[in-house]
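Novice: Structure file upload.tsv, TSV, C-alpha atoms, is pasted below:
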```tsv
chain	number	residue	atom	x	y	z
R	1	MET	CA	84.52	135.98	281.97
R	2	GLU	CA	81.70	134.06	280.32
R	3	ARG	CA	82.60	130.40	280.26
R	4	VAL	CA	82.53	128.24	277.15
R	5	LYS	CA	79.65	125.75	277.38
R	6	ARG	CA	80.17	123.96	274.08
R	7	TYR	CA	82.11	120.72	274.36
R	8	SER	CA	85.31	120.43	272.34
R	9	THR	CA	88.55	118.46	272.21
R	10	GLN	CA	90.77	121.53	272.68
R	11	LEU	CA	91.95	120.32	276.08
R	12	SER	CA	94.26	118.13	274.00
R	13	LYS	CA	96.32	121.25	273.19
R	14	GLY	CA	97.25	121.76	276.82
R	15	THR	CA	96.13	120.36	280.16
R	16	GLY	CA	97.18	122.28	283.26
R	17	MET	CA	100.09	124.06	281.56
R	18	ILE	CA	101.24	125.57	284.86
R	19	ASN	CA	104.96	125.85	284.09
R	20	GLU	CA	104.37	127.15	280.57
R	21	THR	CA	101.95	129.75	281.87
R	22	LEU	CA	104.46	130.93	284.47
R	23	SER	CA	107.10	131.27	281.75
R	24	LEU	CA	104.84	133.28	279.46
R	25	LEU	CA	103.75	135.57	282.27
R	26	GLU	CA	107.40	136.46	282.90
R	27	ILE	CA	107.64	138.15	279.48
R	28	PHE	CA	104.10	139.54	279.41
R	29	ASP	CA	103.49	143.27	279.86
R	30	GLU	CA	100.79	145.82	279.06
R	31	HIS	CA	101.96	146.07	275.45
R	32	THR	CA	101.89	142.34	274.74
R	33	THR	CA	99.55	141.05	272.04
R	34	LYS	CA	98.92	137.52	270.90
R	35	GLU	CA	100.97	138.23	267.77
R	36	SER	CA	103.93	139.78	269.58
R	37	LEU	CA	103.96	137.00	272.17
R	38	LEU	CA	103.94	134.27	269.54
R	39	ARG	CA	106.61	136.03	267.49
R	40	TYR	CA	108.95	136.25	270.48
R	41	VAL	CA	108.33	132.64	271.49
R	42	LEU	CA	109.05	131.37	267.98
R	43	GLU	CA	112.08	133.57	267.34
R	44	THR	CA	113.77	132.61	270.61
R	45	ASN	CA	112.35	129.11	271.12
R	46	TYR	CA	111.45	130.54	274.51
R	47	LEU	CA	109.37	127.54	275.57
R	48	SER	CA	111.95	125.02	274.31
R	49	THR	CA	109.29	123.07	272.45
R	50	SER	CA	110.10	120.32	269.99
R	51	THR	CA	108.17	121.89	267.12
R	52	GLU	CA	106.97	125.29	265.99
R	53	LYS	CA	103.39	123.99	265.88
R	54	ARG	CA	103.58	123.00	269.54
R	55	ALA	CA	104.77	126.46	270.54
R	56	THR	CA	102.04	128.04	268.41
R	57	ASP	CA	99.35	125.89	270.05
R	58	ILE	CA	100.56	126.80	273.54
R	59	VAL	CA	100.35	130.53	272.78
R	60	ASN	CA	97.30	130.68	270.52
R	61	VAL	CA	95.10	127.84	271.76
R	62	VAL	CA	96.04	127.64	275.43
R	63	PHE	CA	97.43	130.91	276.80
R	64	TYR	CA	95.50	133.32	274.60
R	65	GLN	CA	92.18	131.48	274.86
R	66	ARG	CA	92.35	131.07	278.63
R	67	PHE	CA	93.83	134.36	279.74
R	68	MET	CA	93.77	137.02	277.00
R	69	LYS	CA	90.74	136.57	274.78
R	70	ASP	CA	88.01	137.83	277.10
R	71	ASN	CA	90.08	140.26	279.16
R	72	PRO	CA	93.66	141.20	278.20
R	73	SER	CA	94.24	142.39	281.78
R	74	VAL	CA	94.04	138.88	283.23
R	75	PRO	CA	97.70	137.99	282.53
R	76	LEU	CA	98.74	141.25	284.21
R	77	TRP	CA	96.63	140.37	287.26
R	78	LEU	CA	98.12	136.89	287.45
R	79	LYS	CA	101.64	138.21	287.00
R	80	ALA	CA	101.11	140.83	289.69
R	81	ALA	CA	99.73	138.30	292.17
R	82	ARG	CA	102.59	135.89	291.60
R	83	GLY	CA	105.09	138.74	291.76
R	84	LYS	CA	103.70	139.81	295.12
R	85	GLY	CA	104.46	136.37	296.51
R	86	LEU	CA	101.23	134.42	296.03
R	87	MET	CA	102.01	130.80	296.80
R	88	LEU	CA	102.01	128.41	293.85
R	89	SER	CA	99.20	126.32	295.37
R	90	SER	CA	96.91	129.36	295.49
R	91	PHE	CA	98.14	130.65	292.13
R	92	SER	CA	97.34	127.30	290.53
R	93	GLN	CA	93.73	127.64	291.66
R	94	LEU	CA	93.44	130.81	289.60
R	95	LEU	CA	94.89	129.02	286.58
R	96	MET	CA	92.42	126.20	287.14
R	97	LEU	CA	89.54	128.66	287.15
R	98	TYR	CA	90.47	130.08	283.75
R	99	CYS	CA	91.18	126.64	282.33
R	100	ALA	CA	87.79	125.35	283.44
R	101	ARG	CA	85.97	128.33	281.98
R	102	GLN	CA	87.53	127.58	278.61
R	103	HIS	CA	86.92	123.83	278.63
R	104	ALA	CA	83.36	122.73	279.37
R	105	VAL	CA	84.34	119.06	279.53
R	106	PHE	CA	86.67	119.82	282.45
R	107	TYR	CA	84.33	122.30	284.14
R	108	ASP	CA	81.29	120.04	283.97
R	109	PHE	CA	83.14	116.93	285.08
R	110	ILE	CA	84.19	118.69	288.27
R	111	THR	CA	80.77	120.13	289.04
R	112	THR	CA	78.57	117.19	288.03
R	113	SER	CA	80.75	114.12	288.61
R	114	LEU	CA	83.72	114.79	290.90
R	115	ASN	CA	81.88	116.89	293.48
R	116	PRO	CA	79.22	114.24	294.17
R	117	VAL	CA	81.97	111.65	294.70
R	118	LYS	CA	83.64	113.99	297.20
R	119	ASN	CA	80.34	114.69	298.93
R	120	ASP	CA	79.84	110.96	299.39
R	121	ASP	CA	83.17	110.93	301.24
R	122	LEU	CA	84.78	108.61	298.71
R	123	THR	CA	88.55	108.84	298.61
R	124	VAL	CA	89.16	107.24	295.21
R	125	LEU	CA	87.55	108.17	291.92
R	126	PRO	CA	86.08	105.14	290.12
R	127	LEU	CA	88.43	104.27	287.27
R	128	ASN	CA	85.73	104.59	284.60
R	129	ALA	CA	84.07	107.73	286.00
R	130	ILE	CA	85.64	110.13	283.52
R	131	HIS	CA	85.02	107.84	280.54
R	132	ARG	CA	81.39	107.40	281.59
R	133	PHE	CA	81.01	111.16	281.77
R	134	ILE	CA	82.47	111.59	278.29
R	135	GLN	CA	80.16	108.86	276.97
R	136	SER	CA	77.15	110.63	278.47
R	137	ILE	CA	78.03	113.79	276.54
R	138	CYS	CA	77.92	111.86	273.28
R	139	GLU	CA	74.81	109.90	274.21
R	140	SER	CA	72.98	113.16	274.90
R	141	GLY	CA	73.89	114.47	271.47
R	142	GLN	CA	76.12	117.28	272.77
R	143	ALA	CA	79.16	115.91	270.92
R	144	SER	CA	79.88	113.39	268.19
R	145	TRP	CA	83.15	111.73	269.14
R	146	SER	CA	84.40	108.31	268.15
R	147	ASP	CA	85.32	105.79	270.87
R	148	GLY	CA	88.98	106.68	270.35
R	149	ILE	CA	88.37	110.40	270.75
R	150	GLN	CA	86.28	109.74	273.85
R	151	ARG	CA	89.11	107.78	275.45
R	152	LYS	CA	91.61	110.51	274.57
R	153	ASN	CA	89.35	113.23	275.96
R	154	ALA	CA	88.96	111.25	279.18
R	155	SER	CA	92.76	111.04	279.47
R	156	TYR	CA	93.08	114.82	279.01
R	157	VAL	CA	90.50	115.51	281.72
R	158	PHE	CA	92.34	113.12	284.05
R	159	ALA	CA	95.70	114.74	283.32
R	160	THR	CA	94.27	118.19	284.02
R	161	LEU	CA	92.77	117.04	287.31
R	162	VAL	CA	96.20	115.72	288.30
R	163	ASP	CA	97.96	118.90	287.17
R	164	PHE	CA	95.74	121.05	289.36
R	165	GLY	CA	95.91	118.78	292.40
R	166	PHE	CA	92.39	117.37	292.49
R	167	MET	CA	93.79	113.83	292.54
R	168	ASN	CA	96.95	111.85	292.01
R	169	ARG	CA	97.77	109.36	289.28
R	170	ARG	CA	96.37	106.52	291.40
R	171	TYR	CA	92.95	108.20	291.18
R	172	GLU	CA	93.11	109.04	294.88
R	173	ILE	CA	91.15	112.22	295.59
R	174	LEU	CA	93.31	114.84	297.25
R	175	PRO	CA	92.21	117.58	299.67
R	176	TYR	CA	91.25	120.59	297.58
R	177	GLN	CA	90.20	123.57	299.67
R	178	ILE	CA	89.77	127.01	298.19
R	179	ALA	CA	92.49	129.42	299.30
R	180	ASP	CA	91.58	132.71	300.96
R	181	PHE	CA	93.12	134.68	298.11
R	182	THR	CA	91.14	132.68	295.56
R	183	VAL	CA	87.95	133.70	297.37
R	184	LEU	CA	89.02	137.34	297.31
R	185	TYR	CA	90.10	137.20	293.67
R	186	LEU	CA	86.96	135.53	292.38
R	187	MET	CA	84.54	137.67	294.38
R	188	HIS	CA	86.26	140.86	293.21
R	189	GLU	CA	86.41	139.68	289.61
R	190	LEU	CA	82.67	138.97	289.63
R	191	HIS	CA	81.89	142.25	291.39
R	192	LEU	CA	84.01	144.27	288.98
R	193	ALA	CA	82.18	142.59	286.10
R	194	GLY	CA	78.97	144.20	287.37
R	195	LEU	CA	77.31	141.38	289.34
R	196	SER	CA	75.23	142.17	292.39
R	197	ASP	CA	76.48	140.99	295.77
R	198	VAL	CA	73.90	138.18	295.82
R	199	ASP	CA	74.82	137.12	292.29
R	200	VAL	CA	78.49	137.07	293.28
R	201	CYS	CA	77.68	134.48	295.95
R	202	ASN	CA	75.40	132.48	293.68
R	203	HIS	CA	77.74	132.33	290.69
R	204	GLU	CA	78.35	128.86	289.28
R	205	ASP	CA	82.15	129.20	289.33
R	206	TRP	CA	82.18	128.54	293.07
R	207	GLN	CA	81.08	124.98	292.29
R	208	LEU	CA	84.56	124.34	290.92
R	209	PHE	CA	85.62	124.46	294.58
R	210	ASN	CA	82.60	122.42	295.69
R	211	LEU	CA	81.06	125.39	297.49
R	212	THR	CA	77.36	126.08	297.91
R	213	PRO	CA	76.09	129.69	297.99
R	214	LYS	CA	75.74	129.37	301.76
R	215	GLN	CA	79.36	128.26	302.07
R	216	VAL	CA	80.44	131.12	299.81
R	217	ARG	CA	78.67	133.62	302.07
R	218	GLN	CA	80.35	132.08	305.09
R	219	ALA	CA	83.78	132.29	303.45
R	220	ILE	CA	83.23	135.92	302.50
R	221	MET	CA	82.04	136.77	306.02
R	222	GLN	CA	85.15	135.17	307.52
R	223	LEU	CA	87.38	137.30	305.30
R	224	SER	CA	85.46	140.52	305.94
R	225	LEU	CA	86.99	143.53	307.71
R	226	ALA	CA	90.63	142.42	307.39
R	227	ASN	CA	90.67	142.22	303.59
R	228	GLY	CA	89.43	145.51	302.28
R	229	PHE	CA	85.65	145.06	302.43
R	230	ILE	CA	82.83	144.82	304.95
R	231	ALA	CA	80.15	142.16	304.49
R	232	GLN	CA	76.81	141.74	306.24
R	233	SER	CA	74.68	138.65	305.71
R	234	SER	CA	71.13	137.73	306.62
R	235	GLY	CA	69.56	134.53	305.35
R	236	ASN	CA	70.23	134.21	301.64
R	237	LEU	CA	71.10	137.90	301.33
R	238	ILE	CA	74.48	139.55	301.57
R	239	ASP	CA	75.56	143.17	301.36
R	240	ILE	CA	79.19	144.05	300.74
R	241	SER	CA	80.84	147.44	301.11
R	242	TRP	CA	83.68	147.30	298.62
R	243	LYS	CA	86.92	149.22	299.10
R	244	PHE	CA	88.94	148.34	296.01
R	245	ASN	CA	87.91	149.75	292.65
R	246	SER	CA	90.10	147.52	290.49
R	247	MET	CA	91.74	144.13	290.60
R	248	GLU	CA	95.13	145.82	290.68
R	249	GLU	CA	94.13	147.70	293.85
R	250	MET	CA	92.91	144.48	295.45
R	251	ILE	CA	96.11	142.56	294.65
R	252	ASN	CA	98.33	145.37	295.91
R	253	GLY	CA	96.15	145.89	298.96
R	254	ILE	CA	95.95	142.25	300.03
R	255	LEU	CA	99.28	140.68	299.09
```
Reformat the file's structure so that it appears as structure tokens.
Specialist:
Amino acid sequence: MERVKRYSTQLSKGTGMINETLSLLEIFDEHTTKESLLRYVLETNYLSTSTEKRATDIVNVVFYQRFMKDNPSVPLWLKAARGKGLMLSSFSQLLMLYCARQHAVFYDFITTSLNPVKNDDLTVLPLNAIHRFIQSICESGQASWSDGIQRKNASYVFATLVDFGFMNRRYEILPYQIADFTVLYLMHELHLAGLSDVDVCNHEDWQLFNLTPKQVRQAIMQLSLANGFIAQSSGNLIDISWKFNSMEEMINGIL
């Protein structure tokens, strides 16, 4: 669950990829490997792609990197949640989380550029905001991209923001409020990874939803009692009594 912090152009291989991810999850089970998934996709043209290379990129560079590489159980969790009736809007937030962790350019644009615009109550993203952000990466020496690559990367970030519902194609910022299940999923994922209750609340991933640690504690407190855990908070501290011992238990217990 460690996020990638090195900037790359790999977002070009797939932006939101929501429909493709849903399709791949349908054929995913506990025995699926990257190799077996790719073999099936290629043999059956399961994704109906125009080229074999495109299908290979979707499986190897998008699906595997986002959902399988760090924890092969993630696709099973996502499939279980969707199968239990999780609404697509909430499900897409989970896909966004894993996409952002894999692509620093997307993650950091949200947390350092988009969130301040939202917090200033602006309703439209400045047209050059994404390009300026990409330029700043190169000016700081964190990437060496030509002007053409910078423009393309900016277009991929924009397309991904649209795919996940942060804004529309007119650059109008859309309401984007974290779903209750997303709170439950992320807090349990962090807890099961060994983080303390305080570290769960302070984790940087909450910034993808424009939440401060205080707001995270408030959200957790509001969901306490009725969702399989008991939380007590005082100041900057929080103590959670956890009921579920696995993500599978949480998904089956909540949905």
Novice: For R:Lys152, which of R:Gln135, R:Gln207, R:Ser233, R:Ser50 is the closest residue, counting all atoms listed in the file?
Specialist: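 Of R:Gln135, R:Gln207, R:Ser233, R:Ser50, the one nearest R:Lys152, counting all atoms listed in the file, is R:Gln135.
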Novice: As an exercise, work out the distance from atom CA of R:Arg101 to atom CA of R:Asp70 in Å and give it to one decimal place.
Specialist: 10.9 Å
Novice: Quick one: pull the distance between atom CA of R:Ile137 and atom CA of R:Lys13, Å, one decimal.
Specialist: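 Atom CA of R:Ile137 sits 20.0 Å away from atom CA of R:Lys13.
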Novice: When distances are computed from all atoms listed in the file, which of R:Ser144, R:Thr21, R:Thr51, R:Gln150 shows the smallest separation from R:Tyr98?
Specialist: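 Going through R:Ser144, R:Thr21, R:Thr51, R:Gln150 one by one, the smallest distance to R:Tyr98 is for R:Thr21.
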Novice: Nearest residue to R:Phe106 out of R:Lys118, R:Arg170, R:Lys84, R:Lys5, using only C-alpha atoms?
Specialist: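 Among the listed residues, the smallest separation from R:Phe106 belongs to R:Lys5.
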Novice: Nearest residue to R:Phe158 out of R:Phe91, R:Phe133, R:Trp145, R:Phe63, using all atoms listed in the file?
Specialist: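 With all atoms listed in the file as the atom set, the closest residue is R:Phe133.
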Novice: Identify, on the basis of all atoms listed in the file, every residue whose closest approach to R:Gly228 does not exceed 10 Å; exclude the query and any residue fewer than 6 positions from it along the same chain; express the result as number ranges by chain.
Specialist: R: 184, 241-244, 249-250, 253-254
Novice: Could you pull out every residue with an atom within 12 Å of (82.1, 132.0, 305.4), file coordinates, counting all atoms listed in the file, and send them as a list in words?
Specialist: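 I get Ile178, Asp180, Val183, Leu184, Cys201, Leu211, Thr212, Pro213, Lys214, Gln215, Val216, Arg217, Gln218, Ala219, Ile220, Met221, Gln222, Leu223, Ser224, Ala231, Gln232, Ser233 and Ile238 of chain R for the residues within 12 Å of that point.
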Novice: Using atom CA of R:Leu127 and atom CA of R:Gln102 as the two end points, give the distance in Å to one decimal.
Specialist: 24.9 Å
Novice: Rank R:Glu2, R:Glu172, R:Lys79, R:Ala100 by their smallest atom-to-atom distance to R:Leu190, using all atoms listed in the file, and report the top residue only.
Specialist: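 Of the candidates, the smallest distance to R:Leu190 is held by R:Glu2.
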Novice: Between R:Gln93, R:Gln142, R:Asn245, R:Glu20, which one has atoms that come closest to R:Val41, using only C-alpha atoms?
Specialist: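 Once distances to R:Val41 are computed over only C-alpha atoms, the minimum belongs to R:Glu20.
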Novice: Box for stretch 127-133 of chain R - axis-aligned, 6 Å on each of the six sides, all listed atoms - centre and size in Å to one decimal, as lines of an AutoDock Vina configuration file.
Specialist:
```
center_x = 84.7
center_y = 107.7
center_z = 283.9
size_x = 19.4
size_y = 18.9
size_z = 18.7
```
